[in-house]
Each structure stands twice: as C-alpha cells, then as structure tokens.
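Okay, start.cif now, which holds mmCIF, C-alpha atoms:
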data_data
loop_
_atom_site.label_atom_id
_atom_site.label_comp_id
_atom_site.auth_asym_id
_atom_site.auth_seq_id
_atom_site.Cartn_x
_atom_site.Cartn_y
_atom_site.Cartn_z
CA MET Q 6 -59.28 -51.32 -46.04
CA ASN Q 7 -60.52 -48.68 -48.49
CA CYS Q 8 -64.24 -48.71 -49.06
CA SER Q 9 -64.57 -45.78 -51.47
CA ALA Q 10 -67.07 -45.97 -54.32
CA GLU Q 11 -64.40 -45.78 -57.00
CA LYS Q 12 -62.46 -48.72 -55.64
CA ALA Q 13 -65.58 -50.72 -55.01
CA SER Q 14 -66.43 -50.61 -58.72
CA ARG Q 15 -63.14 -52.13 -59.47
CA LYS Q 16 -63.49 -55.06 -57.08
CA TRP Q 17 -67.14 -56.00 -57.59
CA PRO Q 18 -69.08 -56.08 -60.75
CA ASP Q 19 -72.02 -54.23 -59.28
CA GLY Q 20 -69.97 -51.27 -58.11
CA ALA Q 21 -71.46 -48.96 -60.65
CA PHE Q 22 -74.91 -49.85 -59.50
CA ARG Q 23 -73.99 -49.12 -55.92
CA ARG Q 24 -72.59 -45.73 -56.89
CA GLY Q 25 -75.77 -44.91 -58.68
CA GLY Q 26 -77.88 -45.93 -55.72
CA ALA Q 27 -75.87 -43.77 -53.32
CA ALA Q 28 -76.34 -40.77 -55.56
CA MET Q 29 -80.05 -41.34 -55.71
CA VAL Q 30 -80.29 -41.60 -51.91
CA THR Q 31 -78.42 -38.33 -51.50
CA ALA Q 32 -80.65 -36.56 -53.98
CA ALA Q 33 -83.80 -37.87 -52.31
CA ALA Q 34 -82.65 -36.67 -48.86
CA ALA Q 35 -81.92 -33.19 -50.24
CA ALA Q 36 -85.35 -33.02 -51.85
CA LEU Q 37 -87.09 -34.07 -48.68
CA LEU Q 38 -85.19 -31.46 -46.71
CA CYS Q 39 -86.22 -28.70 -49.07
CA LEU Q 40 -89.83 -29.82 -49.03
CA GLY Q 41 -89.83 -29.96 -45.25
CA MET Q 42 -88.50 -26.40 -44.95
CA GLN Q 43 -91.10 -25.08 -47.37
CA ALA Q 44 -93.91 -26.97 -45.64
CA GLY Q 45 -92.70 -25.76 -42.23
CA SER Q 46 -92.79 -22.13 -43.31
CA ALA Q 47 -96.27 -22.55 -44.77
CA GLN Q 48 -97.59 -24.36 -41.68
CA ALA Q 49 -96.07 -21.75 -39.38
CA ALA Q 50 -97.90 -19.09 -41.32
CA ARG Q 51 -101.17 -21.01 -41.02
CA GLY Q 52 -100.59 -21.93 -37.35
CA ALA Q 53 -100.99 -25.66 -38.07
CA PRO Q 54 -98.76 -28.16 -36.33
CA GLY Q 55 -95.74 -29.33 -38.39
CA PHE Q 56 -93.93 -32.55 -38.67
CA PRO Q 57 -91.59 -33.74 -35.96
CA TRP Q 58 -88.51 -33.01 -38.07
CA ASP Q 59 -89.54 -29.44 -38.95
CA ASP Q 60 -87.30 -27.95 -36.28
CA LEU Q 61 -84.62 -30.59 -36.54
CA PHE Q 62 -81.84 -28.15 -37.39
CA GLY Q 63 -83.22 -25.14 -35.45
CA THR Q 64 -84.39 -23.25 -38.53
CA ARG Q 65 -87.99 -22.83 -37.38
CA PRO Q 66 -88.58 -19.42 -35.76
CA HIS Q 67 -90.01 -19.42 -32.27
CA LYS Q 68 -93.36 -17.76 -31.84
CA ALA Q 69 -94.63 -16.13 -28.66
CA HIS Q 70 -97.48 -17.91 -26.88
CA LYS Q 71 -100.87 -16.31 -27.12
CA ALA Q 72 -102.91 -15.36 -24.06
CA VAL Q 73 -105.21 -18.07 -22.86
CA ARG Q 74 -108.80 -17.29 -23.60
CA ARG Q 75 -111.26 -18.10 -20.82
CA SER Q 76 -114.51 -19.70 -21.79
CA ALA Q 77 -117.57 -17.57 -21.23
CA VAL Q 78 -119.87 -18.49 -18.38
CA PRO Q 79 -123.16 -19.81 -19.78
CA VAL Q 80 -126.06 -17.45 -19.17
CA PRO Q 81 -129.47 -18.91 -18.25
CA LYS Q 82 -132.12 -18.85 -20.91
CA PRO Q 83 -134.61 -15.99 -20.85
CA ARG Q 84 -137.90 -16.55 -19.07
CA PRO Q 85 -140.58 -17.82 -21.45
CA ALA Q 86 -143.67 -15.71 -22.00
CA GLU Q 87 -146.08 -18.42 -20.90
CA ALA Q 88 -144.43 -18.76 -17.47
CA PRO Q 89 -146.50 -17.59 -14.44
CA ALA Q 90 -145.96 -14.14 -13.10
CA ALA Q 91 -143.17 -13.53 -10.60
CA ALA Q 92 -145.71 -12.38 -7.98
CA ASP Q 93 -147.13 -15.91 -7.74
CA ALA Q 94 -143.77 -17.36 -6.75
CA PRO Q 95 -142.79 -17.24 -3.02
CA ALA Q 96 -140.78 -14.16 -2.23
CA ALA Q 97 -137.15 -14.83 -1.49
CA ALA Q 98 -136.09 -14.00 2.03
CA GLU Q 99 -134.12 -10.84 2.04
CA PRO Q 100 -130.93 -10.84 4.08
CA GLU Q 101 -131.21 -8.90 7.32
CA PRO Q 102 -129.00 -5.85 7.59
CA PRO Q 103 -125.95 -6.40 9.84
CA ALA Q 104 -126.25 -5.12 13.37
CA ALA Q 105 -124.43 -1.99 14.38
CA GLY Q 106 -120.89 -2.64 15.44
CA ALA Q 107 -120.86 -6.15 14.01
CA PRO Q 108 -117.79 -7.05 11.96
CA PRO Q 109 -118.34 -7.22 8.18
CA PRO Q 110 -118.83 -10.70 6.76
CA ALA Q 111 -115.68 -12.37 5.63
CA ALA Q 112 -115.10 -12.36 1.89
CA PRO Q 113 -115.08 -15.75 0.20
CA ALA Q 114 -111.66 -17.22 -0.04
CA GLN Q 115 -110.14 -16.71 -3.52
CA ALA Q 116 -108.97 -19.69 -5.45
CA ALA Q 117 -105.35 -20.37 -4.78
CA ARG Q 118 -103.10 -19.57 -7.68
CA PRO Q 119 -101.19 -22.40 -9.26
CA GLY Q 120 -97.91 -22.94 -7.48
CA GLU Q 121 -99.10 -21.37 -4.19
CA THR Q 122 -99.80 -23.40 -1.07
CA ALA Q 123 -102.94 -22.92 1.01
CA ARG Q 124 -102.65 -20.82 4.14
CA PRO Q 125 -103.08 -22.47 7.58
CA ALA Q 126 -106.14 -20.30 8.29
CA ASP Q 127 -107.83 -21.47 5.10
CA ALA Q 128 -107.17 -25.14 5.88
CA ALA Q 129 -110.20 -27.16 6.97
CA LYS Q 130 -110.57 -27.65 10.72
CA PRO Q 131 -110.36 -31.27 11.98
CA ALA Q 132 -113.70 -32.83 12.77
CA GLU Q 133 -114.52 -33.16 16.46
CA PRO Q 134 -114.54 -36.77 17.76
CA PRO Q 135 -118.04 -38.09 18.42
CA ARG Q 136 -119.13 -38.12 22.03
CA PRO Q 137 -119.37 -41.58 23.61
CA GLN Q 138 -122.91 -42.87 23.82
CA LEU Q 139 -124.31 -43.16 27.33
CA SER Q 140 -125.08 -46.63 28.63
CA ALA Q 141 -128.58 -47.71 29.56
CA CYS Q 142 -127.64 -47.61 33.26
CA ARG Q 143 -126.29 -44.08 32.92
CA GLN Q 144 -129.45 -42.92 31.19
CA ALA Q 145 -131.63 -44.48 33.89
CA LEU Q 146 -129.61 -43.08 36.83
CA THR Q 147 -130.97 -39.55 36.60
CA GLU Q 148 -130.79 -36.73 39.13
CA GLU Q 149 -134.24 -37.70 40.38
CA ILE Q 150 -132.71 -40.93 41.74
CA ALA Q 151 -129.16 -40.01 42.74
CA ILE Q 152 -126.57 -37.27 42.47
CA ALA Q 153 -123.93 -39.29 40.65
CA PRO Q 154 -121.89 -37.42 38.01
CA SER Q 155 -119.94 -39.52 35.53
CA ILE Q 156 -116.16 -39.69 35.78
CA PRO Q 157 -113.55 -40.86 33.21
CA ASP Q 158 -112.74 -44.53 32.93
CA ILE Q 159 -109.94 -45.85 35.15
CA HIS Q 160 -107.38 -48.33 33.82
CA GLY Q 161 -104.86 -49.08 36.56
CA ALA Q 162 -102.20 -51.69 37.12
CA GLY Q 163 -103.22 -55.29 37.65
CA GLY Q 164 -106.70 -54.85 36.20
CA CYS Q 165 -107.80 -52.13 38.63
CA GLY Q 166 -110.47 -49.70 37.58
CA GLY Q 167 -113.36 -50.04 35.18
CA GLU Q 168 -115.66 -48.29 32.76
CA ASP Q 169 -118.93 -46.44 33.11
CA LEU Q 170 -117.92 -45.05 36.52
CA VAL Q 171 -119.79 -42.51 38.64
CA ARG Q 172 -119.15 -40.61 41.87
CA LEU Q 173 -122.13 -41.31 44.12
CA GLU Q 174 -122.55 -38.18 46.23
CA ALA Q 175 -126.15 -38.45 47.42
CA ILE Q 176 -129.31 -40.50 46.99
CA VAL Q 177 -132.58 -38.72 46.29
CA LEU Q 178 -135.59 -40.23 48.10
CA PRO Q 179 -139.07 -40.28 46.55
CA ASP Q 180 -140.03 -37.29 48.72
CA LYS Q 181 -137.07 -35.30 47.22
CA ARG Q 182 -134.97 -35.53 50.38
CA LYS Q 183 -131.31 -36.34 49.88
CA VAL Q 184 -129.29 -38.98 51.70
CA ALA Q 185 -125.65 -37.91 51.62
CA VAL Q 186 -122.95 -40.55 51.05
CA LYS Q 187 -120.04 -39.69 53.37
CA PRO Q 188 -117.56 -39.67 51.77
CA ALA Q 189 -118.65 -39.85 48.14
CA ALA Q 190 -118.21 -43.34 46.69
CA ILE Q 191 -116.59 -44.12 43.33
CA LEU Q 192 -118.56 -47.03 41.89
CA ARG Q 193 -119.64 -48.57 38.65
CA CYS Q 194 -122.98 -47.37 37.41
CA LYS Q 195 -124.72 -50.70 38.11
CA MET Q 196 -123.39 -50.84 41.67
CA ALA Q 197 -124.38 -47.23 42.35
CA SER Q 198 -127.86 -47.88 40.95
CA ALA Q 199 -128.25 -50.96 43.20
CA VAL Q 200 -127.21 -49.00 46.31
CA ALA Q 201 -129.60 -46.16 45.45
CA ASP Q 202 -132.50 -48.56 44.92
CA TRP Q 203 -131.71 -50.34 48.21
CA ILE Q 204 -131.75 -47.08 50.21
CA ARG Q 205 -134.86 -45.72 48.50
CA THR Q 206 -136.94 -48.91 48.71
CA ASP Q 207 -135.84 -50.74 51.89
CA ILE Q 208 -133.87 -48.52 54.27
CA ALA Q 209 -135.80 -45.25 53.97
CA PRO Q 210 -139.14 -46.71 55.14
CA LEU Q 211 -137.35 -48.66 57.88
CA ALA Q 212 -135.57 -45.58 59.21
CA GLN Q 213 -138.71 -43.48 59.06
CA SER Q 214 -140.05 -45.20 62.19
CA LEU Q 215 -136.77 -44.81 64.09
CA GLY Q 216 -136.06 -41.12 64.16
CA GLY Q 217 -137.47 -39.06 61.34
CA GLY Q 218 -135.85 -40.93 58.45
CA ILE Q 219 -132.34 -41.57 57.16
CA SER Q 220 -130.06 -38.62 56.51
CA ASN Q 221 -126.67 -40.06 55.52
CA LEU Q 222 -124.86 -43.29 54.68
CA ASP Q 223 -121.51 -44.07 56.34
CA ASN Q 224 -119.21 -45.19 53.51
CA PHE Q 225 -116.33 -47.16 55.04
CA ASP Q 226 -114.65 -47.99 51.69
CA SER Q 227 -115.48 -47.98 47.97
CA PHE Q 228 -112.93 -47.97 45.11
CA GLU Q 229 -109.39 -48.93 46.15
CA CYS Q 230 -106.83 -50.73 43.99
CA ARG Q 231 -105.88 -53.61 46.32
CA GLY Q 232 -106.16 -57.34 46.88
CA ARG Q 233 -108.80 -59.03 48.98
CA ASN Q 234 -108.66 -58.02 52.66
CA ARG Q 235 -105.55 -55.96 51.79
CA VAL Q 236 -103.41 -59.10 51.76
CA ALA Q 237 -100.27 -58.78 49.62
CA GLY Q 238 -100.42 -61.07 46.59
CA ALA Q 239 -104.10 -61.94 47.08
CA GLN Q 240 -106.68 -61.98 44.30
CA LEU Q 241 -107.94 -58.59 43.16
CA SER Q 242 -110.77 -57.38 45.36
CA GLU Q 243 -114.06 -56.13 43.99
CA HIS Q 244 -113.09 -52.81 45.56
CA GLY Q 245 -110.29 -52.67 42.95
CA ARG Q 246 -112.93 -52.99 40.22
CA ALA Q 247 -115.16 -50.26 41.74
CA ASN Q 248 -117.82 -52.91 42.25
CA ALA Q 249 -118.07 -53.00 46.07
CA LEU Q 250 -119.14 -50.82 48.98
CA ASP Q 251 -118.46 -51.21 52.72
CA VAL Q 252 -121.29 -49.84 54.89
CA ARG Q 253 -120.73 -49.16 58.57
CA ALA Q 254 -123.77 -47.25 59.81
CA PHE Q 255 -126.80 -45.10 58.96
CA GLY Q 256 -127.31 -41.55 60.16
CA LEU Q 257 -130.81 -40.52 61.20
CA ALA Q 258 -132.45 -37.13 60.97
CA ASN Q 259 -132.56 -36.83 64.77
CA GLY Q 260 -128.77 -37.08 64.97
CA LYS Q 261 -128.52 -40.70 66.04
CA SER Q 262 -126.44 -43.31 64.26
CA ILE Q 263 -127.36 -46.97 63.77
CA SER Q 264 -124.37 -49.27 63.44
CA LEU Q 265 -125.11 -52.47 61.55
CA THR Q 266 -122.64 -54.49 63.65
CA ASP Q 267 -123.60 -53.10 67.07
CA ARG Q 268 -125.17 -55.80 69.25
CA SER Q 269 -127.04 -53.17 71.22
CA VAL Q 270 -129.16 -52.40 68.14
CA PRO Q 271 -132.41 -54.40 68.23
CA ARG Q 272 -132.02 -57.81 66.68
CA ASP Q 273 -135.14 -57.60 64.50
CA LEU Q 274 -133.84 -54.37 62.93
CA ARG Q 275 -130.49 -55.95 62.01
CA GLU Q 276 -132.21 -59.05 60.66
CA THR Q 277 -134.41 -56.90 58.43
CA VAL Q 278 -131.34 -55.19 56.98
CA LEU Q 279 -129.70 -58.60 56.53
CA HIS Q 280 -132.59 -59.99 54.48
CA SER Q 281 -132.75 -56.87 52.32
CA VAL Q 282 -129.05 -56.81 51.35
CA CYS Q 283 -128.84 -60.57 50.74
CA ALA Q 284 -131.74 -60.29 48.29
CA ARG Q 285 -130.10 -57.49 46.29
CA PHE Q 286 -126.34 -58.11 46.30
CA SER Q 287 -124.38 -61.20 45.25
CA THR Q 288 -121.89 -60.97 48.18
CA VAL Q 289 -122.64 -59.95 51.77
CA LEU Q 290 -119.91 -60.30 54.41
CA GLY Q 291 -120.39 -59.19 57.99
CA PRO Q 292 -119.62 -60.33 61.55
CA GLY Q 293 -119.00 -64.05 61.63
CA SER Q 294 -117.62 -64.34 58.08
CA ASP Q 295 -114.02 -63.49 59.06
CA TRP Q 296 -112.36 -61.09 61.42
CA TYR Q 297 -111.84 -58.56 58.59
CA HIS Q 298 -115.58 -57.72 58.61
CA GLU Q 299 -116.40 -57.50 62.30
CA ASP Q 300 -117.04 -53.73 62.24
CA HIS Q 301 -118.74 -53.25 58.84
CA VAL Q 302 -120.75 -55.02 56.14
CA HIS Q 303 -119.27 -55.68 52.69
CA LEU Q 304 -121.58 -55.50 49.62
CA ASP Q 305 -120.68 -56.20 45.97
CA LEU Q 306 -122.18 -57.35 42.66
CA ILE Q 307 -119.63 -59.90 41.48
CA GLU Q 308 -120.90 -62.27 38.79
CA ARG Q 309 -120.42 -65.97 39.56
CA ARG Q 310 -121.27 -69.12 37.74
CA ASN Q 311 -124.95 -70.15 37.98
CA ASN Q 312 -125.70 -66.87 39.80
CA TYR Q 313 -124.10 -68.18 43.00
CA ARG Q 314 -124.47 -65.87 46.02
CA ILE Q 315 -122.70 -65.55 49.38
CA CYS Q 316 -124.47 -64.18 52.46
CA GLN Q 317 -122.41 -64.51 55.65
CA TRP Q 318 -123.53 -62.23 58.46
CA ASN Q 319 -124.23 -63.53 61.94
CA VAL Q 320 -126.80 -61.42 63.77
CA ASP Q 321 -125.74 -61.94 67.40
CA ASP Q 322 -128.03 -61.54 70.37
CA PRO Q 323 -127.71 -58.37 72.43
CA LEU Q 324 -125.42 -58.51 75.42
CA PRO Q 325 -127.12 -58.69 78.85
CA ARG Q 326 -127.56 -55.32 80.42
CA VAL Q 327 -126.82 -56.54 84.01
CA ALA Q 328 -124.02 -58.97 84.74
CA PRO Q 329 -124.95 -62.10 86.74
CA LEU Q 330 -124.47 -61.78 90.53
CA LEU Q 331 -121.51 -63.46 92.21
CA PRO Q 332 -122.14 -65.86 95.13
CA ALA Q 333 -122.39 -64.11 98.50
CA GLU Q 334 -119.62 -64.46 101.04
CA ARG Q 335 -120.00 -67.17 103.76
CA PRO Q 336 -121.02 -65.66 107.08
CA GLU Q 337 -118.72 -66.11 110.02
CA GLU Q 338 -121.36 -67.78 112.22
CA ALA Q 339 -121.94 -70.54 109.69
CA PRO Q 340 -120.77 -74.00 110.80
CA PRO Q 341 -117.61 -75.27 109.18
CA ARG Q 342 -117.99 -77.29 106.00
CA GLU Q 343 -117.42 -81.01 106.24
CA VAL Q 344 -114.32 -82.03 104.32
CA ALA Q 345 -113.49 -85.65 103.55
CA ALA Q 346 -110.30 -86.86 105.18
CA LYS Q 347 -107.40 -87.52 102.87
CA SER Q 348 -105.30 -90.70 103.19
CA ASP Q 349 -101.55 -90.65 103.53
CA ALA Q 350 -101.10 -92.18 100.12
CA SER Q 351 -102.94 -89.27 98.47
CA LYS Q 352 -100.69 -86.65 100.08
CA PRO Q 353 -98.23 -85.01 97.72
CA GLY Q 354 -95.17 -85.87 99.91
CA SER Q 355 -95.99 -89.55 100.18
CA SER Q 356 -93.93 -91.88 97.98
CA LYS Q 357 -95.66 -95.14 98.99
CA PRO Q 358 -97.62 -96.81 96.26
CA ASP Q 359 -101.33 -97.45 96.73
CA ARG Q 360 -102.20 -100.94 97.84
CA SER Q 361 -105.40 -102.91 97.98
CA GLU Q 362 -107.14 -104.03 101.12
CA ALA Q 363 -105.76 -107.57 100.73
CA ASP Q 364 -102.20 -106.27 100.50
CA ARG Q 365 -102.68 -104.07 103.51
CA GLY Q 366 -104.10 -107.10 105.46
CA LYS Q 367 -101.13 -109.25 104.54
CA ALA Q 368 -98.75 -106.50 105.57
CA ASP Q 369 -100.43 -106.25 108.97
CA GLU Q 370 -100.10 -109.96 109.72
CA PRO Q 371 -96.38 -109.80 110.72
CA ASP Q 372 -97.16 -106.98 113.09
CA ALA Q 373 -99.80 -109.08 114.78
CA ALA Q 374 -97.44 -112.00 114.98
CA LYS Q 375 -94.82 -109.73 116.43
CA SER Q 376 -97.15 -108.59 119.15
CA ASP Q 377 -98.06 -112.16 120.00
CA ASP Q 378 -94.44 -113.14 120.10
CA ALA Q 379 -93.69 -110.38 122.52
CA ALA Q 380 -96.24 -111.81 124.98
CA ALA Q 381 -94.90 -115.39 124.67
CA PRO Q 382 -92.07 -116.66 126.90
CA ASP Q 383 -88.47 -116.14 125.84
CA GLY Q 384 -87.83 -119.79 125.05
CA ALA Q 385 -90.74 -120.02 122.64
CA ALA Q 386 -89.67 -116.86 120.94
CA GLU Q 387 -86.21 -118.17 120.29
CA THR Q 388 -87.50 -121.38 118.65
CA LYS Q 389 -89.48 -119.45 115.93
CA PRO Q 390 -87.43 -118.41 112.90
CA GLN Q 391 -87.85 -114.84 111.64
CA PRO Q 392 -86.66 -114.85 108.01
CA THR Q 393 -90.04 -113.88 106.54
CA LYS Q 394 -90.47 -110.91 108.82
CA LYS Q 395 -87.03 -109.53 108.07
CA ARG Q 396 -87.52 -109.86 104.33
CA ARG Q 397 -90.84 -107.98 104.45
CA GLN Q 398 -89.39 -105.22 106.57
CA SER Q 399 -86.51 -104.77 104.19
CA ARG Q 400 -88.96 -104.79 101.33
CA ARG Q 401 -90.81 -101.90 102.93
CA LEU Q 402 -87.70 -99.80 103.13
#

If you convert what's in this file into structure tokens, what do you get?
Amino acid sequence: MNCSAEKASRKWPDGAFRRGGAAMVTAAAAALLCLGMQAGSAQAARGAPGFPWDDLFGTRPHKAHKAVRRSAVPVPKPRPAEAPAAADAPAAAEPEPPAAGAPPPAAPAQAARPGETARPADAAKPAEPPRPQLSACRQALTEEIAIAPSIPDIHGAGGCGGEDLVRLEAIVLPDKRKVAVKPAAILRCKMASAVADWIRTDIAPLAQSLGGGISNLDNFDSFECRGRNRVAGAQLSEHGRANALDVRAFGLANGKSISLTDRSVPRDLRETVLHSVCARFSTVLGPGSDWYHEDHVHLDLIERRNNYRICQWNVDDPLPRVAPLLPAERPEEAPPREVAAKSDASKPGSSKPDRSEADRGKADEPDAAKSDDAAAPDGAAETKPQPTKKRRQSRRL
C-alpha cells in the first residue's frame, strides 16, 4: 500500500489539504529548532538554566563546574557602648599549664571526608551496663554484722541455686569479736542474716557463761544441689536452694565444744537452744525427727502456706553416769531354794494327755477292783467277767 502525499491527493478529496498541513508542521518544527538553539546559546552565556530539549542533539557545549563557595561564618555583633565594663564580669578560669612530661592533649578529630569511613579508634565506645541494684537485705547485712561477701547468682539443674547469694565467713558480735563459720557457708542473704541475728542475740550471751563466749560455728552442710536427705528422686532440698544450714556444735573460747545432740550436755542448755531456733526458723529437725538428723540440727527458712512451721527435736535426758548394780551371787552356805515339784504330765517326754481329778479317780477304780479280786478265792474270781478292765487297759496303751 503506497501512502505517499501525491497518491493520497488522488484518492481522497482532501489530499491537498493534508499535504499543506504536513508542510506547515515541518516548517514549524524547523523554526522551533532554530529558536531553541539561539535561546540555548544566549542562556548559556547568561548562566541561566535552559529548556530540557536544549541539549537534545548534543550541540550544547559542556562547561566546567565552578568551585563551591563556602558560606562565611557569622561574626558576633560588636559590644554595645552602654554595656558594663569587662572588669565587672567574672573572670574566666584560665587553663592550667600541662605538667612536665605529660602527653600533649589530643587534637579534635577532623570531620570525615565524604566517601571515607570512620576509623575504629574514633568510633564511640559502648556504654557500660548498669550495675545491679543491691537488695534491702544486702544493704542491711554490713560488715558490722557479718563478713559475708556477695557471690554471683547460681542457676543449676533442677532448680538448684538462687539469687542474692553470699558467702558467710564470720559473724561479728556487738563487742566486735568475730565468730568464724567453719567452713564458710553459701546461703541466701535472708538466711545468712537470720543466722547472724540468732548468734548475736541468743547464742553469744548463752555461751558467755560457759567458757568465755562463742568462738566458732560448726557448719555441717549449707548449699548442696541434692534432694531431701540425699535420696535419689526426692523433692529438692532447701540445701539445693541455698536456704538451709546444718549446725552440729559451737566452739567456745576456752577450747571446748558443745554438741547440740550430745546427751551429756545439760538438758536446760539444749532446751534453751531449741526454743531459740524454733522461734526464728520455719523448719527445725533434730534427734527424734528421723534418723537422718540424729547427729546435727537442720535449720531453714522455707515459706509454707499460712506461715506453717515444723519444730521436731527431742531433747533427751542425760544418760546415767553409773550403771545399775547386778544382783549379788548366792552364797554357798545359803539353804537350797524350794522348787515346786513337777508332775509327769508336765515333763517334756511325757505323751499322756492331762486328765481331771474325776478321770483319774475313774481310772484308779479298776486297779482297786483288781487288788480286791486278788485277795478273793479262785472260784469267785473266775465267776466275775473282765471285759471292762481289758478294754480300759487297751485304751491306755
């Protein structure tokens, strides 16, 4: 199909008009192109931005970029004449000269150029984590009460461990003497505070009248991740939570030791200790509770419903110092003791059953008849039948 302008005029009546319109469009485009080139050259000379089609055909010359001018830093205004004199203002503190041998102050870090990464030394240091706040118990348990440094929290298997733990090394008495804990006990702060208060308030005055005061505390067991009574599969003990202490004895200043489970210790002394621990701790187990606590006393601060407490410690009486005397031996010149005679039926070798007096009387009747028959004449004896006697004799056999 030929779509030229000449042939179009032949086919359609408006072909001439179309040819005229195409010519006008071409002339208008040429004029606009010339105007754009002239305007582009004039705008380039003035430095004004041109139209988007100015550099459509690459005729616009490229111009080098100018240096970027930095804006001037604003200067403060001059001091007015009516302002007070500079002598009235407080003098600025002058910097002290650097000490001899001190390194020169570091120059301020220059702004990083565009495209350059900051150096590791210039990077900001990470902020230090805040220190954990001390608990109220830890703030109250000062060195004037006990030597108990804090230790990190323990989180073991099966729920063992705890938080706010201390290592109780010694207890400081009001007169500044120290009661050593041998060995040092790992306890929770509340348990350590309760033990320290118990020693300072109750035990120290009690031991003062015994031998110059208390000097050490025999720690049988404190923190240990185990079940109750060391039974496999049992419920977790308070020792596993660092909430229990086993006490075996007290050491006195004169070198003596007072065992809490020793029956030779005066009973009133052990009862006094019993009443003091049962008033302070929620669990007290000693002799009489079970055979696991026959040689020490268990103390803990377990929390139960309705503040329920357990105090099981039997304070036994002291053992007698002298054993009771055995009966003396019987002298040889003493008359023999009367012993009741034993019947034949009661003998071990006898197999005859016991019989009553009536049975024994009936059994003796044939014998009496036999004796009478023996004294009678022979003819009379032959006339008496003997079936009953024979049957009874056979019955005896």

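Interatomic distance, CA of Arg285 in chain Q to CA of Asp305 in chain Q: 9.5 Å.
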
Once you count all atoms listed in the file, what closest atom pair and distance in Å to one decimal does each residue of range 293-351 of chain Q within 10 Å of range 192-208 of chain Q have, with rows by chain and rising residue number, as a tab-separated table?
residue	atom	partner	partner_atom	distance
Q:Leu304	CA	Q:Val200	CA	9.2
Q:Asp305	CA	Q:Met196	CA	7.4
Q:Leu306	CA	Q:Met196	CA	6.7
Q:Ile307	CA	Q:Met196	CA	9.8

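Separating CA of Val282 in chain Q from CA of Asn221 in chain Q is a distance of 17.4 Å.
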
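Nearest to Arg235 in chain Q of all the residues Q:Leu37, Q:Tyr297, Q:Glu168, Q:Ala190 is Q:Tyr297, counting only C-alpha atoms.
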
The PyMOL selection byres ((chain Q and resi 298) around 12) resolved against shown file, as a PDB file with C-alpha atoms, in the frame of the given file:
ATOM      1  CA  PHE Q 225    -116.330 -47.160  55.040  1.00  0.00           C
ATOM      2  CA  ASP Q 226    -114.650 -47.990  51.690  1.00  0.00           C
ATOM      3  CA  ARG Q 233    -108.800 -59.030  48.980  1.00  0.00           C
ATOM      4  CA  ASN Q 234    -108.660 -58.020  52.660  1.00  0.00           C
ATOM      5  CA  ASP Q 251    -118.460 -51.210  52.720  1.00  0.00           C
ATOM      6  CA  VAL Q 252    -121.290 -49.840  54.890  1.00  0.00           C
ATOM      7  CA  ARG Q 253    -120.730 -49.160  58.570  1.00  0.00           C
ATOM      8  CA  LEU Q 265    -125.110 -52.470  61.550  1.00  0.00           C
ATOM      9  CA  THR Q 266    -122.640 -54.490  63.650  1.00  0.00           C
ATOM     10  CA  VAL Q 289    -122.640 -59.950  51.770  1.00  0.00           C
ATOM     11  CA  LEU Q 290    -119.910 -60.300  54.410  1.00  0.00           C
ATOM     12  CA  GLY Q 291    -120.390 -59.190  57.990  1.00  0.00           C
ATOM     13  CA  PRO Q 292    -119.620 -60.330  61.550  1.00  0.00           C
ATOM     14  CA  GLY Q 293    -119.000 -64.050  61.630  1.00  0.00           C
ATOM     15  CA  SER Q 294    -117.620 -64.340  58.080  1.00  0.00           C
ATOM     16  CA  ASP Q 295    -114.020 -63.490  59.060  1.00  0.00           C
ATOM     17  CA  TRP Q 296    -112.360 -61.090  61.420  1.00  0.00           C
ATOM     18  CA  TYR Q 297    -111.840 -58.560  58.590  1.00  0.00           C
ATOM     19  CA  GLU Q 299    -116.400 -57.500  62.300  1.00  0.00           C
ATOM     20  CA  ASP Q 300    -117.040 -53.730  62.240  1.00  0.00           C
ATOM     21  CA  HIS Q 301    -118.740 -53.250  58.840  1.00  0.00           C
ATOM     22  CA  VAL Q 302    -120.750 -55.020  56.140  1.00  0.00           C
ATOM     23  CA  HIS Q 303    -119.270 -55.680  52.690  1.00  0.00           C
ATOM     24  CA  LEU Q 304    -121.580 -55.500  49.620  1.00  0.00           C
ATOM     25  CA  GLN Q 317    -122.410 -64.510  55.650  1.00  0.00           C
ATOM     26  CA  TRP Q 318    -123.530 -62.230  58.460  1.00  0.00           C
ATOM     27  CA  ASN Q 319    -124.230 -63.530  61.940  1.00  0.00           C
TER      28      ASN Q 319
END

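Between CA of Leu222 in chain Q and CA of Leu324 in chain Q there is a distance of 25.7 Å.
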
request  = Check what the PyMOL selection byres ((chain Q and resi 176) around 8) selects in the file above and give those residues as a ChimeraX atom specification.
outcome  = /Q:150-152,173-175,177-178,183-186,201,204-205

Go through the shown structure with the PyMOL selection byres ((chain Q and resi 276) around 12) and write out the matching residues as a PDB file with C-alpha atoms, keeping the file's coordinate frame.
ATOM      1  CA  LEU Q 211    -137.350 -48.660  57.880  1.00  0.00           C
ATOM      2  CA  LEU Q 265    -125.110 -52.470  61.550  1.00  0.00           C
ATOM      3  CA  THR Q 266    -122.640 -54.490  63.650  1.00  0.00           C
ATOM      4  CA  ARG Q 268    -125.170 -55.800  69.250  1.00  0.00           C
ATOM      5  CA  VAL Q 270    -129.160 -52.400  68.140  1.00  0.00           C
ATOM      6  CA  PRO Q 271    -132.410 -54.400  68.230  1.00  0.00           C
ATOM      7  CA  ARG Q 272    -132.020 -57.810  66.680  1.00  0.00           C
ATOM      8  CA  ASP Q 273    -135.140 -57.600  64.500  1.00  0.00           C
ATOM      9  CA  LEU Q 274    -133.840 -54.370  62.930  1.00  0.00           C
ATOM     10  CA  ARG Q 275    -130.490 -55.950  62.010  1.00  0.00           C
ATOM     11  CA  THR Q 277    -134.410 -56.900  58.430  1.00  0.00           C
ATOM     12  CA  VAL Q 278    -131.340 -55.190  56.980  1.00  0.00           C
ATOM     13  CA  LEU Q 279    -129.700 -58.600  56.530  1.00  0.00           C
ATOM     14  CA  HIS Q 280    -132.590 -59.990  54.480  1.00  0.00           C
ATOM     15  CA  SER Q 281    -132.750 -56.870  52.320  1.00  0.00           C
ATOM     16  CA  VAL Q 282    -129.050 -56.810  51.350  1.00  0.00           C
ATOM     17  CA  CYS Q 283    -128.840 -60.570  50.740  1.00  0.00           C
ATOM     18  CA  TRP Q 318    -123.530 -62.230  58.460  1.00  0.00           C
ATOM     19  CA  ASN Q 319    -124.230 -63.530  61.940  1.00  0.00           C
ATOM     20  CA  VAL Q 320    -126.800 -61.420  63.770  1.00  0.00           C
ATOM     21  CA  ASP Q 321    -125.740 -61.940  67.400  1.00  0.00           C
ATOM     22  CA  ASP Q 322    -128.030 -61.540  70.370  1.00  0.00           C
TER      23      ASP Q 322
END

ask   = In terms of the shortest atom-to-atom distance over all atoms listed in the file, which of Q:Gly260, Q:Pro157, Q:Gly164, Q:Pro341 is closest to Ile219 in chain Q?
value = Q:Gly260
